[in-house]
Every structure is written in structure tokens, then in C-alpha cells.
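Everything on this sheet refers to the single structure shown next.
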Amino acid sequence: MQAGAPRPGLAPAGAPAMKKKKKNPTKIKKTNKRVKQIQPRAEAAAAAAERAAAAAEEQAVEEAARRARHLKALSRTAGAERELEELVFGDSVNVEEDELLQRLAGPGRLNAAERKSLQKDSSDSEVENEAKGKLLSKKPAWVDEDDEAEENVDMTHRYRKDFMKSDTEKILTKKKLKRRLEEQFQRAMGGVPAWADLENRKKSKRTASDSDSDEDDDLLCRTGNFISNSESLPRGILKMRTCLPANQERFANGKLATVQFHPSAQVVMTAGHDRSVSLFQVDGIRNPRIQSIYLESFPIYKACFSVDGEQVIATGTHHKMFFVYDMMSGSIIPIQKVRGVEERFLRSFEVSPDGSFMLLTGTSGYLHLLSMKTKELISTMKVNGRCTASAFTPDSSKIYSYSKEGEVFIWDVRSRKCLHKFEDEGSLEGKCIAVSKNNQYVACGSASGVVNLYTTDVCLKENRPKPVKAIMNLVTSATCVTFNPTTEILAVASRETDEAVKLVHIPSYTVFSNFPVFRRKQIYLAQSMDFSPRSGFFSVANNKGKALLFRLKHYSDF
């Protein structure tokens with residue numbers, strides 16, 4: 001430090017001395033007063049904190065004691081209850097219960113080994129399921145003797161009468177009734193369905209376990225309506241709706257002789273003794289009329305579409321000529337006489353499914369085969385006695401002709417030779433015949449009202465075949481039989497009694513109980529019947545000049 005420099009904090013020499021500042025007594029008093037006020041507040045806050053800590057500690061002690069009491073109560077299980085649990089669930093209950101109590105008592109963090117075992121248990125669910133399946137099954141606690149006793153069922157009840165095969169089966173055991181129901185179901189379904197065959201389902205599940213996941217993924221990737229009607233027609237009750245008559249806009253003055261659906265268009269034709277042929281569009285609501293033609297002095301016995309749907313052939317009740325109505329040109333062509341056919345009247349005829357031939361049924365058992373294109377005679381065949389009805393097979397290769405004596409002759413169309421002949425069982429007089437569209441069945445209706453249903457294989461081999469079903473629901477002569485296009489329904493009718501129409505379920509050979517409507521006259525005398533090309537509609541022509549129309553709801557198309 002330089003000499004003569006003033007020392008810090010000291011005044012220089014010769015400077016006047018600083019005056020010492022005096023303290024204000026009033027401010028000192030106020031400060032002391034504030035300190036005295038703050039001290040009690042701090043002491044109160046500290047006391048409150050101590051009390052809160054003590055209360056929390058006491059509450060924690062009480063909670064621990066309550067939990068201990070609860071766990072102790074859970075761990076106390078009556079001896080009988082524990083024995084029952086061990087009997088039902090096994091010894092693993094104790095271990096699981098102890099683990100649960102340990103977790104409740106001290107929830108802590110799992111160590112690495114426990115986490116690893118937990119992950120292993122959750123990932124290996126299939127192994128656990130197999131292990132559970134291998135557990136030994138426990139014996140039942142008791143055996144009820146009534147369960148082993150066979151219980152008898154009264155088969156005379158109206159809901160079970162159809163399952164009786166004879167009058168001796170008035171009482172059956174439950175096991176026999178179960179087998180009978182299974183047989184009926186398999187007969188109706190045409191065998192055991194895939195969903196009902198448990199063994200095949202198990203095998204398919206094992207073999208297709210990998211593909212199931214892919215199918216599920218595909219299913220979840222698509223939207224839409226996955227519910228559809230069953231493909232096979234169920235038996236018992238036929239779901240149907242009565243529509244307005246097909247010829248609602250023009251009823252016939254006399255009885256209708258024919259009703260037939262167009263093979264390709266949504267059109268129906270009616271023809272009758274009022275000498276008219278009418279065409280109607282089928283919509284099930286109004287059924288508007290398209291066209292009508294009038295044939296002067298020509299009461300119509302039968303009318304039929306050609307296979308291509310462009311012509312209508314009509315025969316009269318007392319004429320040796322017939323008419324051809326060309327719908328494309330609108331012209332009516334009379335066929336005055338067919339050379340080589342010496343018949344007084346030409347009434348009944350059939351058109352082959354391939355559209356090549358027309359078969360005229362003559363008197364004294366003669367059958368005249370005509371060309372559909374030229375309407376000229378090709379050949380003539382003859383049966384023993386008088387021929388009452390004929391039918392082509394679906395492939396047009398054979399003809400089934402039914403004689404009045406109850407014999408059926410099978411002809412080859414190409415060679416015009418008789419291939420086989422068989423007797424219709426119990427028939428005294430033949431009336432009508434029909435061949436199913438799939439060429440599986442032949443239906444023969446007799447004057448006694450019995451309609452025998454045969455398989456075509458048996459008809460071609462045996463002289464006296466046994467019918468697979470004898471339909472005896474008609475009490476007068478069976479005058480009309482026809483199959484629907486899917487061969488699931490056989491319609492039988494008689495024109496001699498009112499309401500004499502029955503629909504037969506083919507796979508089960510049973511009659512639909514809801515047609516015709518009970519105690520309600522609707523059909524009267526049925527003259528002709530036909531199904532639409534895809535079985536969506538069914539029509540019956542009656543003696544009142546109406547073509548009754550019914551919508552079959554099982555079939556979605558016309």
C-alpha cells in the first residue's frame with residue numbers, strides 16, 4: 001500500500017468526522033411485535049402436522065389389522081367344504097388358494113423367474129388343455145336307477161302316428177323312437193348331412209386345422225348376407241301364398257281344360273271349352289292379360305306350348321283336326337288331316353322334351369309319332385288294349401304308355417320297338433302317368449285313386465315291380481299327376497271330387513298337410529295342373545273357369 005493513502009474505512013485526515021446514525025425505537029417495537037405474532041402460528045402448524053402424521057399411522061395400523069383379519073377369515077375353511085372341494089376340483093385347489101392368499105397378503109413385484117414362468121404358461125395354452133384332458137375322471141357320487149330304466153313312449157299320439165310301421169308298435173322305447181326319428185330324417189335329407197356326421201367332422205377338423213384360420217380371415221374380410229334358404233325342400237308344411245288367379249283379367253266361360261307355364265318367359269297359358277286360348281303375364285299381383293285367340297266352333301280339349309315357346313298346339317273335343325298358333329307371326333294354322341292317321345277324334349297328345357316329336361294317342365291302343373317340325377307321321381305303335389296316357393322321358397329317348405288294363409309299355413323312340421312291359425300293382429284301369437324331370441321316378445294313377453310311385457331302374461327290369469310308395473290320399477280316380485322341375489313335389493288330383501288335390505313331398509313320400517286349405521272350398525274340380533319352370537309358382541285349372549295361382553316361397557325364382 002502506498003504511503004499516505006487513506007486506509008479503507010477511515011476518513012482522510014483533515015476531513016470532518018461522520019455522525020453515528022441513531023436507531024428508531026418505534027420500528028424496533030413493531031418488529032418485535034410481528035415476531036411474537038408469527039411464532040404461535042408456526043407452533044400451531046407443527047402441532048397439526050404431528051397430529052395428522054399420528055392419525056395416518058393409526059389408520060395404516062387399523063387397515064393392516066383389518067386386512068389380516070380378512071385374510072385369516074378367508075383361510076379358515078370348514079373341513080367338510082374343503083373335502084368337497086378336493087373331491088370335485090382335486091388337490092390343486094389348496095395350492096391355488098395359497099398362491100392367491102400370498103398375493104393378497106403381500107402384493108409385490110415378481111422376480112425374473114416368476115415372470116418367465118408366467119409368460120410360458122400364457123403362451124402354452126394348448127399344452128395346458130391337453131394336460132387337463134388327461135386328468136383322471138372322477139366316479140359319480142351316486143347312480144340313479146331310474147335313468148337306466150327304459151321309458152316307453154305312446155305312439156298313438158297324433159304327433160307320433162306317422163312313425164308307426166304297424167299296429168303292433170303302439171308303444172316304443174325312447175331308444176327305438178330315437179332310431180326311428182333318425183331314419184326318417186335321413187330319408188328326408190337323402191342321407192346323413194355333413195354337419196350331423198360327428199366322426200367325419202372330427203376327421204375334417206384335424207386335417208383342415210390349418211386351412212380354418214385362412215377361411216376365417218376370408219370370411220372376416222367380406223361383408224354381405226351369409227344367411228340363405230336350405231336347398232332341399234322340408235317336409236310337413238309347404239310355405240306358400242295364395243295369389244290372384246292367373247286369368248284374373250279374363251275368366252273362362254266354361255271349365256278350363258289346360259293351364260301351362262311358358263318354358264322360358266314369365267307367362268302362363270289357359271285354354272278351355274269356351275274355344276279360347278289366353279296368355280297372361282305372371283307377377284303374382286295383377287297378372288295382366290297379354291293376348292287371347294278365339295277358335296270358332298272348336299272347344300279345346302288340350303293345349304300345349306312347343307319346347308321353344310313359339311307355338312301353341314291345341315286339339316278339340318270332337319275333331320280330327322288340330323290348330324297350331326304361331327305366336328311370332330300371329331297366325332293360326334289349321335292341320336286338317338295327318339296322312340296315315342285314321343282316327344275319328346284327335347284329343348290327347350304329348351310333345352317330346354327335345355322338341356322333335358309329337359305323340360298322338362289314338363283309339364284301340366294306337367300311338368302315332370309325328371314330326372314336330374312338319375307335323376307329318378313318322379311311325380305308329382300299338383299297345384294291347386286301349387291306351388289312356390303317355391309320357392316321354394326327359395331325354396326323349398323312351399315313351400311310357402299306360403293302358404286301360406293297367407299295363408305300362410316302354411318304347412324306344414328311335415327303333416319304335418317295345419323295350420319292356422310291366423304291370424302296375426293293384427291297378428284295374430289306368431288313368432294317367434308322369435315321368436320325373438330327373439328320370440328317377442314314374443308315377444302311375446289308376447281309377448281306384450291310388451298313385452303308385454316307381455323308380456325307373458326297377459321298371460326297366462321287373463315285370464311286376466314294387467312301388468316305393470303307394471299314395472292313397474285320393475278316394476276317386478286319379479286323373480292328373482305331374483312332377484315339379486326339381487323332383488321334390490308330386491302333384492296328384494282327381495276331377496271327380498271337389499278339393500281333390502294333394503302335394504306329395506318326394507324324398508319322404510309324405511303329403512303336405514296345409515294344402516289344400518281345410519274346410520274351405522277353393523279349388524273345386526281340378527282339371528289340369530302345372531309348375532313354373534323353376535317351381536316358384538303352382539297353378540290349378542278348375543271347372544269354374546279359373547286358373548288358381550299359388551306362390552311357393554321355398555323357391556326364389558319363377
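Each chain in the C-alpha cells gets a letter, A, B, ..., in the order shown, and its residues are numbered from 1; ligands are numbered from 1 in order too.
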Next item on the list: Just the residues within 7 Å of Gly309 of chain A, please, counting only C-alpha atoms, with nothing from its chain fewer than 2 positions along; format it as a list in words.
Entry: His262, Pro263, Phe305, Ser306, Val307 and Gln311 of chain A
Take the residues that were just selected and, keeping C-alpha atoms, output them as a short mmCIF file (atom, residue, chain, number, x, y, z; two decimals), in the first residue's frame.
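See again_10.cif below for the written result:
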data_model
loop_
_atom_site.label_atom_id
_atom_site.label_comp_id
_atom_site.auth_asym_id
_atom_site.auth_seq_id
_atom_site.Cartn_x
_atom_site.Cartn_y
_atom_site.Cartn_z
CA HIS A 262 -94.25 -70.83 -70.74
CA PRO A 263 -90.91 -72.71 -70.85
CA PHE A 305 -96.54 -74.94 -75.74
CA SER A 306 -93.79 -76.07 -78.07
CA VAL A 307 -90.40 -76.52 -76.43
CA GLN A 311 -96.07 -72.18 -80.89
#
Check: Hey, what's within 6 Å of Ile489 of chain A if we count only C-alpha atoms and toss same-chain stuff fewer than 2 positions away? As a list of chain:residue names, please?
Finding: A:Phe483, A:Asn484, A:Thr487, A:Val504, A:His505, A:Ile506
Item checked: Spatial neighbours of segment 163-179 of chain A, max dist 9 Å, only C-alpha atoms, sep filter under 2 positions, as an MDAnalysis selection string -> chainID A and resid 150:156 159:161 181:184
Saved selection, atoms kept: N, CA and C atoms, as an mmCIF file, in the first residue's frame:
data_model
loop_
_atom_site.group_PDB
_atom_site.id
_atom_site.type_symbol
_atom_site.label_atom_id
_atom_site.label_comp_id
_atom_site.auth_asym_id
_atom_site.auth_seq_id
_atom_site.Cartn_x
_atom_site.Cartn_y
_atom_site.Cartn_z
ATOM 1 N N GLU A 150 -85.579 -98.234 -19.150
ATOM 2 C CA GLU A 150 -86.082 -97.794 -20.446
ATOM 3 C C GLU A 150 -87.502 -97.250 -20.283
ATOM 4 N N GLU A 151 -87.704 -96.046 -20.777
ATOM 5 C CA GLU A 151 -89.007 -95.403 -20.686
ATOM 6 C C GLU A 151 -89.774 -95.635 -21.983
ATOM 7 N N ASN A 152 -91.024 -96.034 -21.866
ATOM 8 C CA ASN A 152 -91.852 -96.320 -23.027
ATOM 9 C C ASN A 152 -92.593 -95.064 -23.475
ATOM 10 N N VAL A 153 -92.821 -94.967 -24.787
ATOM 11 C CA VAL A 153 -93.487 -93.810 -25.375
ATOM 12 C C VAL A 153 -94.742 -94.281 -26.098
ATOM 13 N N ASP A 154 -95.845 -93.558 -25.894
ATOM 14 C CA ASP A 154 -97.107 -93.887 -26.536
ATOM 15 C C ASP A 154 -97.075 -93.391 -27.979
ATOM 16 N N MET A 155 -97.123 -94.309 -28.937
ATOM 17 C CA MET A 155 -97.012 -93.951 -30.338
ATOM 18 C C MET A 155 -98.368 -93.632 -30.970
ATOM 19 N N THR A 156 -99.458 -93.797 -30.222
ATOM 20 C CA THR A 156 -100.781 -93.492 -30.775
ATOM 21 C C THR A 156 -101.090 -92.000 -30.741
ATOM 22 N N TYR A 159 -99.084 -86.738 -32.926
ATOM 23 C CA TYR A 159 -97.811 -86.249 -33.436
ATOM 24 C C TYR A 159 -96.842 -87.386 -33.755
ATOM 25 N N ARG A 160 -97.150 -88.599 -33.263
ATOM 26 C CA ARG A 160 -96.230 -89.717 -33.468
ATOM 27 C C ARG A 160 -96.843 -90.849 -34.280
ATOM 28 N N LYS A 161 -98.053 -90.670 -34.778
ATOM 29 C CA LYS A 161 -98.705 -91.732 -35.531
ATOM 30 C C LYS A 161 -97.961 -92.062 -36.812
ATOM 31 N N LEU A 181 -86.689 -91.772 -35.591
ATOM 32 C CA LEU A 181 -86.592 -90.371 -35.998
ATOM 33 C C LEU A 181 -85.358 -90.129 -36.851
ATOM 34 N N GLU A 182 -84.243 -90.776 -36.483
ATOM 35 C CA GLU A 182 -83.032 -90.637 -37.293
ATOM 36 C C GLU A 182 -83.241 -91.212 -38.695
ATOM 37 N N GLU A 183 -83.921 -92.339 -38.796
ATOM 38 C CA GLU A 183 -84.188 -92.921 -40.111
ATOM 39 C C GLU A 183 -85.058 -92.001 -40.957
ATOM 40 N N GLN A 184 -86.107 -91.439 -40.336
ATOM 41 C CA GLN A 184 -86.981 -90.535 -41.066
ATOM 42 C C GLN A 184 -86.228 -89.293 -41.537
#
Margin query: I'd like to know which residues of segment 274-423 of chain A are strand (DSSP E or B) (by DSSP, run on the backbone); could you write them as number ranges by chain?
Written below: A: 276-281, 289-294, 300-305, 311-316, 322-326, 331-335, 349-351, 357-361, 366-371, 377-382, 387-392, 398-403, 407-412, 418-423
Notebook entry, point to check: Skipping near chain neighbours, those fewer than 3 positions away, what residues fall within 8 Å of Ser278 of chain A using only C-alpha atoms, listed as number ranges by chain?
Noted result: A: 269-271, 289-293
Same residues, C-alpha atoms, output as a PDB file, in the first residue's frame:
ATOM      1  CA  MET A 269    -101.467 -70.053 -70.901  1.00  0.00           C
ATOM      2  CA  THR A 270    -105.065 -71.105 -70.289  1.00  0.00           C
ATOM      3  CA  ALA A 271    -107.411 -72.896 -72.690  1.00  0.00           C
ATOM      4  CA  ARG A 289    -103.597 -60.348 -69.934  1.00  0.00           C
ATOM      5  CA  ILE A 290    -101.285 -60.337 -72.943  1.00  0.00           C
ATOM      6  CA  GLN A 291    -103.389 -61.838 -75.722  1.00  0.00           C
ATOM      7  CA  SER A 292    -106.366 -64.095 -76.431  1.00  0.00           C
ATOM      8  CA  ILE A 293    -107.300 -66.006 -79.568  1.00  0.00           C
TER       9      ILE A 293
END
Margin query: Using Å and a single decimal, report how far atom CA of Gly406 of chain A sits from atom CA of Lys466 of chain A.
Written below: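 We find that atom CA of Lys466 of chain A and atom CA of Gly406 of chain A lie 14.3 Å from each other.
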Next item on the list: Excluding segment 449-454 of chain A and any residue of its chain fewer than 5 positions from it, enumerate the residues within 9 Å of it, using only C-alpha atoms, and give them as an MDAnalysis selection string.
Entry: chainID A and resid 424:427 440:444 459 465:479 481 492:494
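Minimum atom-to-atom distances from A:Arg416, A:Arg241, A:Arg51, A:Arg519 to Ser539 of chain A were compared using only C-alpha atoms, and the lowest value belongs to A:Arg241.
Running DSSP on the backbone gives helix (DSSP H, G or I) for these residues within segment 331-481 of chain A: Thr456, Asp457, Val458 and Cys459 of chain A.
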